[in-house]
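A.B. asks: Following this line is final-v5.csv, made up of CSV, C-alpha atoms:
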```csv
chain,number,residue,atom,x,y,z
W,1365,MET,CA,104.1,121.0,85.0
W,1366,SER,CA,103.8,122.4,88.5
W,1367,ASN,CA,100.3,120.9,88.8
W,1368,LEU,CA,101.6,117.5,87.7
W,1369,TRP,CA,104.4,117.7,90.3
W,1370,PHE,CA,101.8,118.6,93.0
W,1371,LEU,CA,99.7,115.6,92.0
W,1372,TYR,CA,102.5,113.1,92.4
W,1373,VAL,CA,103.8,114.6,95.6
W,1374,PHE,CA,100.3,114.8,97.0
W,1375,PHE,CA,99.7,111.0,96.4
W,1376,SER,CA,103.2,110.1,97.6
W,1377,ALA,CA,102.5,112.0,100.8
W,1378,LEU,CA,99.3,109.9,101.2
W,1379,LEU,CA,101.4,106.7,100.8
W,1380,ILE,CA,104.0,107.9,103.4
W,1381,PHE,CA,101.2,108.8,105.8
W,1382,THR,CA,99.6,105.4,105.4
W,1383,GLY,CA,102.9,103.7,106.1
W,1384,ILE,CA,103.7,105.8,109.1
W,1385,TYR,CA,100.2,105.2,110.6
W,1386,CYS,CA,100.7,101.5,110.3
W,1387,LEU,CA,104.2,101.7,111.8
W,1388,LEU,CA,102.8,103.6,114.8
W,1389,THR,CA,99.7,101.5,115.4
W,1390,MET,CA,100.1,97.9,114.2
W,1391,ARG,CA,101.8,95.1,116.2
W,1392,ASN,CA,102.5,92.4,113.6
W,1393,LEU,CA,106.1,92.4,112.5
W,1394,ILE,CA,105.3,91.5,108.9
W,1395,LYS,CA,102.7,94.2,108.8
W,1396,LEU,CA,105.3,96.7,110.0
W,1397,PHE,CA,107.5,95.7,107.2
W,1398,ILE,CA,104.8,96.0,104.7
W,1399,ALA,CA,104.4,99.6,106.1
W,1400,VAL,CA,108.1,100.2,105.4
W,1401,GLU,CA,107.6,99.0,101.9
W,1402,VAL,CA,104.6,101.4,101.4
W,1403,ILE,CA,106.7,104.3,102.7
W,1404,SER,CA,109.5,103.4,100.3
W,1405,LYS,CA,107.0,103.3,97.4
W,1406,GLY,CA,106.0,106.9,98.3
W,1407,VAL,CA,109.7,108.0,98.4
W,1408,SER,CA,110.6,106.4,95.1
W,1409,LEU,CA,107.5,108.0,93.5
W,1410,VAL,CA,108.7,111.4,94.7
W,1411,ILE,CA,112.2,110.8,93.3
W,1412,ILE,CA,111.0,109.8,89.9
W,1413,ALA,CA,108.2,112.4,89.7
W,1414,THR,CA,110.6,115.2,90.7
W,1415,GLY,CA,113.1,114.0,88.1
W,1416,ALA,CA,110.5,113.9,85.4
W,1417,VAL,CA,109.2,117.4,86.2
W,1418,LYS,CA,112.6,119.0,86.6
W,1419,ASN,CA,114.1,117.4,83.4
W,1420,SER,CA,116.5,115.2,85.4
W,1421,ILE,CA,114.8,111.9,84.7
W,1422,LEU,CA,118.0,110.0,84.0
W,1423,LEU,CA,119.6,111.0,87.3
W,1424,ALA,CA,116.3,110.3,89.1
W,1425,GLN,CA,116.1,106.9,87.5
W,1426,SER,CA,119.6,105.9,88.6
W,1427,LEU,CA,118.8,107.1,92.1
W,1428,ALA,CA,115.5,105.1,92.1
W,1429,ILE,CA,117.3,102.0,91.0
W,1430,THR,CA,119.9,102.4,93.7
W,1431,TYR,CA,117.1,102.9,96.1
W,1432,ILE,CA,115.3,99.7,95.0
W,1433,VAL,CA,118.5,97.7,95.4
W,1434,VAL,CA,118.9,99.0,98.9
W,1435,GLU,CA,115.2,98.2,99.6
W,1436,VAL,CA,115.6,94.6,98.5
W,1437,SER,CA,118.7,94.1,100.6
W,1438,LEU,CA,116.9,95.5,103.6
W,1439,VAL,CA,113.8,93.4,103.0
W,1440,ALA,CA,115.8,90.2,102.7
W,1441,THR,CA,117.7,90.9,105.9
W,1442,ALA,CA,114.7,92.0,107.8
W,1443,LEU,CA,112.5,89.0,106.8
W,1444,ALA,CA,115.3,86.6,107.8
W,1445,LEU,CA,115.4,88.4,111.1
W,1446,ILE,CA,111.6,88.1,111.5
W,1447,ILE,CA,111.8,84.4,110.8
W,1448,ASN,CA,114.5,84.0,113.5
W,1449,ILE,CA,112.4,86.1,115.9
W,1450,TYR,CA,109.4,83.9,115.2
W,1451,LYS,CA,111.3,80.7,115.7
W,1452,LYS,CA,112.6,82.0,119.1
W,1453,ASN,CA,109.4,83.6,120.4
W,1454,LYS,CA,106.7,81.6,118.5
W,1455,SER,CA,105.0,85.0,117.9
W,1456,LEU,CA,105.1,87.9,115.5
W,1457,ASP,CA,103.8,90.3,118.1
W,1458,ILE,CA,106.2,93.2,118.7
W,1459,ARG,CA,105.1,93.3,122.4
W,1460,SER,CA,106.6,89.8,122.9
W,1461,LEU,CA,110.0,91.4,122.1
W,1462,SER,CA,110.0,93.7,125.0
W,1463,LYS,CA,111.2,91.3,127.6
W,1464,LEU,CA,113.4,93.8,129.4
W,1465,LYS,CA,111.2,95.4,132.0
W,1466,GLY,CA,112.9,98.1,133.8
C,214,MET,CA,95.7,113.4,83.5
C,215,ILE,CA,92.7,111.2,84.2
C,216,ILE,CA,94.8,108.0,83.6
C,217,GLN,CA,97.5,109.4,85.9
C,218,ILE,CA,95.0,110.1,88.7
C,219,LEU,CA,93.5,106.6,88.2
C,220,LEU,CA,96.9,104.9,88.4
C,221,LEU,CA,97.9,106.9,91.5
C,222,SER,CA,94.5,106.2,93.2
C,223,GLY,CA,95.0,102.5,92.4
C,224,LEU,CA,98.5,102.7,94.0
C,225,VAL,CA,97.2,104.3,97.2
C,226,ILE,CA,94.1,102.0,97.4
C,227,PHE,CA,96.1,98.8,97.1
C,228,SER,CA,98.7,100.2,99.6
C,229,ILE,CA,96.0,100.9,102.1
C,230,LEU,CA,94.6,97.4,101.5
C,231,ALA,CA,98.0,95.9,102.1
C,232,ILE,CA,98.0,97.6,105.5
C,233,LEU,CA,94.4,97.0,106.5
C,234,LEU,CA,93.8,93.4,105.3
C,235,LYS,CA,94.1,90.9,108.1
C,236,ASP,CA,95.3,88.0,106.0
C,237,LEU,CA,99.0,88.6,105.5
C,238,LEU,CA,99.2,86.7,102.2
C,239,LYS,CA,96.5,88.9,100.8
C,240,ALA,CA,98.3,91.9,102.2
C,241,ALA,CA,101.5,90.9,100.4
C,242,LEU,CA,99.6,90.4,97.1
C,243,SER,CA,98.0,93.8,97.5
C,244,LEU,CA,101.5,95.2,97.9
C,245,ALA,CA,102.6,93.5,94.7
C,246,VAL,CA,99.6,95.0,92.8
C,247,ALA,CA,100.5,98.5,94.2
C,248,SER,CA,104.1,97.9,92.9
C,249,LEU,CA,102.6,97.0,89.5
C,250,PHE,CA,100.8,100.4,89.5
C,251,LEU,CA,103.9,102.2,90.5
C,252,GLY,CA,105.9,100.5,87.8
C,253,ILE,CA,103.3,101.6,85.2
C,254,ILE,CA,103.5,105.2,86.6
C,255,PHE,CA,107.3,105.0,86.2
C,256,PHE,CA,106.9,103.9,82.6
C,257,ARG,CA,104.5,106.8,81.9
C,258,LEU,CA,106.9,109.3,83.5
C,259,GLY,CA,109.6,108.3,81.1
C,260,ALA,CA,111.6,106.1,83.5
C,261,PRO,CA,111.4,102.6,81.9
C,262,TYR,CA,114.4,101.2,83.6
C,263,ALA,CA,113.1,102.1,87.1
C,264,GLY,CA,109.7,100.7,86.0
C,265,VAL,CA,111.3,97.4,85.0
C,266,PHE,CA,113.2,97.2,88.3
C,267,GLU,CA,110.0,98.1,90.3
C,268,ILE,CA,107.9,95.4,88.6
C,269,SER,CA,110.5,92.6,88.4
C,270,VAL,CA,112.2,93.2,91.7
C,271,VAL,CA,109.7,94.8,94.1
C,272,ALA,CA,106.5,93.3,92.6
C,273,GLY,CA,108.2,89.9,91.9
C,274,LEU,CA,111.0,89.2,94.3
C,275,ILE,CA,109.9,91.0,97.4
C,276,THR,CA,106.4,89.5,97.1
C,277,VAL,CA,107.9,86.0,97.0
C,278,LEU,CA,110.0,86.8,100.0
C,279,PHE,CA,106.9,88.1,101.9
C,280,ALA,CA,104.9,85.0,100.9
C,281,LEU,CA,107.7,82.8,102.0
C,282,THR,CA,107.9,84.5,105.4
C,283,VAL,CA,104.1,84.3,105.8
C,284,ALA,CA,104.2,80.6,104.9
C,285,LEU,CA,107.1,79.9,107.4
C,286,THR,CA,105.4,81.8,110.2
C,287,ARG,CA,101.8,81.1,109.6
C,288,LYS,CA,101.2,78.6,112.5
C,289,ASP,CA,100.1,80.4,115.7
C,290,SER,CA,101.1,83.7,114.3
C,291,GLU,CA,97.8,85.5,114.7
C,292,VAL,CA,98.5,88.8,116.3
C,293,GLN,CA,95.7,90.6,118.0
C,294,GLU,CA,95.7,94.2,116.7
C,295,ALA,CA,94.1,97.0,118.6
C,296,ARG,CA,90.4,97.3,117.5
C,297,LEU,CA,90.5,101.0,117.0
C,298,THR,CA,93.4,100.8,114.6
C,299,ARG,CA,91.3,99.9,111.5
C,300,LEU,CA,88.3,101.9,112.6
C,301,VAL,CA,90.1,105.2,113.2
C,302,PHE,CA,92.3,105.0,110.1
C,303,PRO,CA,89.7,106.5,107.6
C,304,LEU,CA,89.2,109.5,109.9
C,305,PHE,CA,93.0,110.2,110.2
C,306,PHE,CA,93.4,109.5,106.5
C,307,ILE,CA,90.7,112.1,105.5
C,308,ILE,CA,92.1,114.7,107.9
C,309,PHE,CA,95.6,114.2,106.4
C,310,LEU,CA,94.2,114.3,102.9
C,311,ILE,CA,92.6,117.7,103.5
C,312,ILE,CA,95.8,119.0,105.1
C,313,ASP,CA,97.9,117.6,102.3
C,314,ALA,CA,95.6,119.3,99.7
C,315,LEU,CA,95.8,122.6,101.5
C,316,VAL,CA,99.4,122.8,102.4
C,317,MET,CA,101.4,120.8,99.8
C,318,LYS,CA,101.1,123.3,96.9
C,319,SER,CA,102.5,126.2,98.9
C,320,PHE,CA,105.1,123.9,100.4
C,321,LEU,CA,106.3,122.8,97.0
C,322,GLN,CA,106.8,126.4,95.9
C,323,GLN,CA,109.2,127.0,98.8
C,324,VAL,CA,111.2,123.8,98.6
C,325,PRO,CA,114.1,123.9,96.1
C,326,ALA,CA,114.2,120.7,94.1
C,327,LEU,CA,116.8,119.3,91.6
C,328,PRO,CA,118.2,122.0,89.4
C,329,ALA,CA,116.4,122.3,86.1
C,330,GLY,CA,118.7,121.7,83.2
C,331,PRO,CA,118.6,119.6,80.0
C,332,GLU,CA,120.3,116.3,80.5
C,333,THR,CA,122.5,114.9,77.8
C,334,GLY,CA,123.5,111.4,76.9
C,335,THR,CA,121.7,108.2,77.6
C,336,PHE,CA,120.6,106.5,80.8
C,337,GLY,CA,123.5,104.1,80.5
C,338,GLU,CA,126.0,106.9,80.4
C,339,VAL,CA,124.5,108.6,83.4
C,340,LEU,CA,124.3,105.4,85.4
C,341,TRP,CA,127.8,104.0,84.5
C,342,LYS,CA,129.8,107.3,84.3
C,343,SER,CA,128.2,109.9,86.5
C,344,ARG,CA,126.9,107.5,89.2
C,345,THR,CA,129.7,105.0,89.3
C,346,PHE,CA,130.1,105.5,93.0
C,347,ASP,CA,126.4,104.6,93.5
C,348,LEU,CA,127.0,101.3,91.7
C,349,VAL,CA,130.0,100.5,94.0
C,350,ALA,CA,127.8,101.3,97.0
C,351,GLN,CA,125.0,99.0,95.6
C,352,LEU,CA,127.5,96.2,95.4
C,353,GLY,CA,128.4,96.8,99.0
C,354,VAL,CA,124.8,96.8,100.0
C,355,ILE,CA,124.0,93.6,98.2
C,356,LEU,CA,127.1,91.9,99.7
C,357,ALA,CA,126.0,93.2,103.2
C,358,GLY,CA,122.5,91.8,102.7
C,359,VAL,CA,123.8,88.4,101.6
C,360,LEU,CA,126.2,88.2,104.5
C,361,ALA,CA,123.5,89.3,106.9
C,362,VAL,CA,121.1,86.6,105.7
C,363,LEU,CA,123.8,84.0,105.8
C,364,ALA,CA,124.8,85.0,109.3
C,365,LEU,CA,121.2,84.9,110.5
C,366,PHE,CA,120.6,81.4,109.2
C,367,ARG,CA,124.0,80.1,110.2
C,368,LYS,CA,123.2,80.6,113.8
C,369,LYS,CA,120.2,78.2,113.4
C,370,GLU,CA,122.4,75.5,111.9
C,371,GLU,CA,124.8,75.7,114.9
C,372,ASP,CA,121.9,75.3,117.2
C,373,LYS,CA,121.0,72.1,115.3
C,374,ASP,CA,124.5,70.7,115.6
C,375,GLU,CA,124.4,71.1,119.3
```
Let me see the structure of the file written as structure tokens.
C.D. replies:
Amino acid sequence: MSNLWFLYVFFSALLIFTGIYCLLTMRNLIKLFIAVEVISKGVSLVIIATGAVKNSILLAQSLAITYIVVEVSLVATALALIINIYKKNKSLDIRSLSKLKG
Amino acid sequence: MIIQILLLSGLVIFSILAILLKDLLKAALSLAVASLFLGIIFFRLGAPYAGVFEISVVAGLITVLFALTVALTRKDSEVQEARLTRLVFPLFFIIFLIIDALVMKSFLQQVPALPAGPETGTFGEVLWKSRTFDLVAQLGVILAGVLAVLALFRKKEEDKDE
């Protein structure tokens, strides 16, 4: 079972790394949000895999569902925010948001 | 084990595609396929409810939201990414993969996880009785999300009236 746990945590670490890399390097707001989604996939994979390995799958499942609900709410709000930013700035580039030079 | 590795590889590959593809719509679709893989993994791990949520909500609803946002912002929305970003990614990824393979196993032995103990009852009992507070919090989060979206778009309507 330990090997199985290692396998899942190994792959979820890869997902989280991919997301963080995108967050640090990309400039498109929608891309950044896709990166947040990728990170959240890694996290929910860890939750469920740990629950399955440690015989707490029911608890892990309820936590994962809570997490998914939070994720959807976050995505809806953030995408609405992105649309508003685009309408105001006519660009999705995060560099166009830094108007305060100081 | 082989099927699990294939599913996990598919999940990682489509997630990487979602990040590296230049076309945002294709990126959103890749993300949906990755969610589909994750849902299947959840089913195989014995978490069917989480799998259903993952496939219906994340692969379905969030993809629609992303596609809608891409459609609404498509015109003149080309963002020039740094050239090195995509070229350097495989190098960093391989370095992280090696570190992950070397370190993660010993790391897992040190980290205490959820206490191991047999669970009794059904998923419904756990969700509705043990985690009632989570459900209340979920209602709060959904309400907050709805109010936030309404507030963000109301501002635009006021602008139109002026």
A.B. asks: Could you list the residues in chain C lying within 7 Å of chain W, using only C-alpha atoms, and format the result as JSON, numbers by chain?
C.D. replies: {"C": [221, 225, 228, 229, 232, 258, 260, 263, 266, 275, 282, 286, 290, 292, 294, 298, 310, 313, 317, 318, 327, 328, 329, 330, 331, 332, 336, 339, 340, 347, 351, 354, 355, 358, 361, 362, 365]}
A.B. asks: Rounded to one decimal, what separation in Å do you get between CA of Leu244 (chain C) and CA of Ala231 (chain C)?
C.D. replies: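 Going from CA of Leu244 (chain C) over to CA of Ala231 (chain C) covers 5.5 Å.
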A.B. asks: Taking all atoms listed in the file into account, which of C:Ile268, C:Gln293, C:Leu233, C:Leu242 comes nearest Arg1459 (chain W)?
C.D. replies: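 Once distances to Arg1459 (chain W) are computed over all atoms listed in the file, the minimum belongs to C:Gln293.
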A.B. asks: Looking at C:Ala240, C:Ala272, C:Ile254, C:Leu356, which one is nearest to Leu220 (chain C), with distances taken over all atoms listed in the file?
C.D. replies: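 Ranking C:Ala240, C:Ala272, C:Ile254, C:Leu356 by distance to Leu220 (chain C), first place goes to C:Ile254.
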A.B. asks: Record the distance separating CA of Glu267 (chain C) and CA of Phe255 (chain C), expressed in Å with one decimal.
C.D. replies: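 About the pair CA of Glu267 (chain C) and CA of Phe255 (chain C): they are 8.5 Å apart.
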A.B. asks: At what distance in Å, to one decimal, does CA of Val359 (chain C) lie from CA of Ser343 (chain C)?
C.D. replies: 26.6 Å
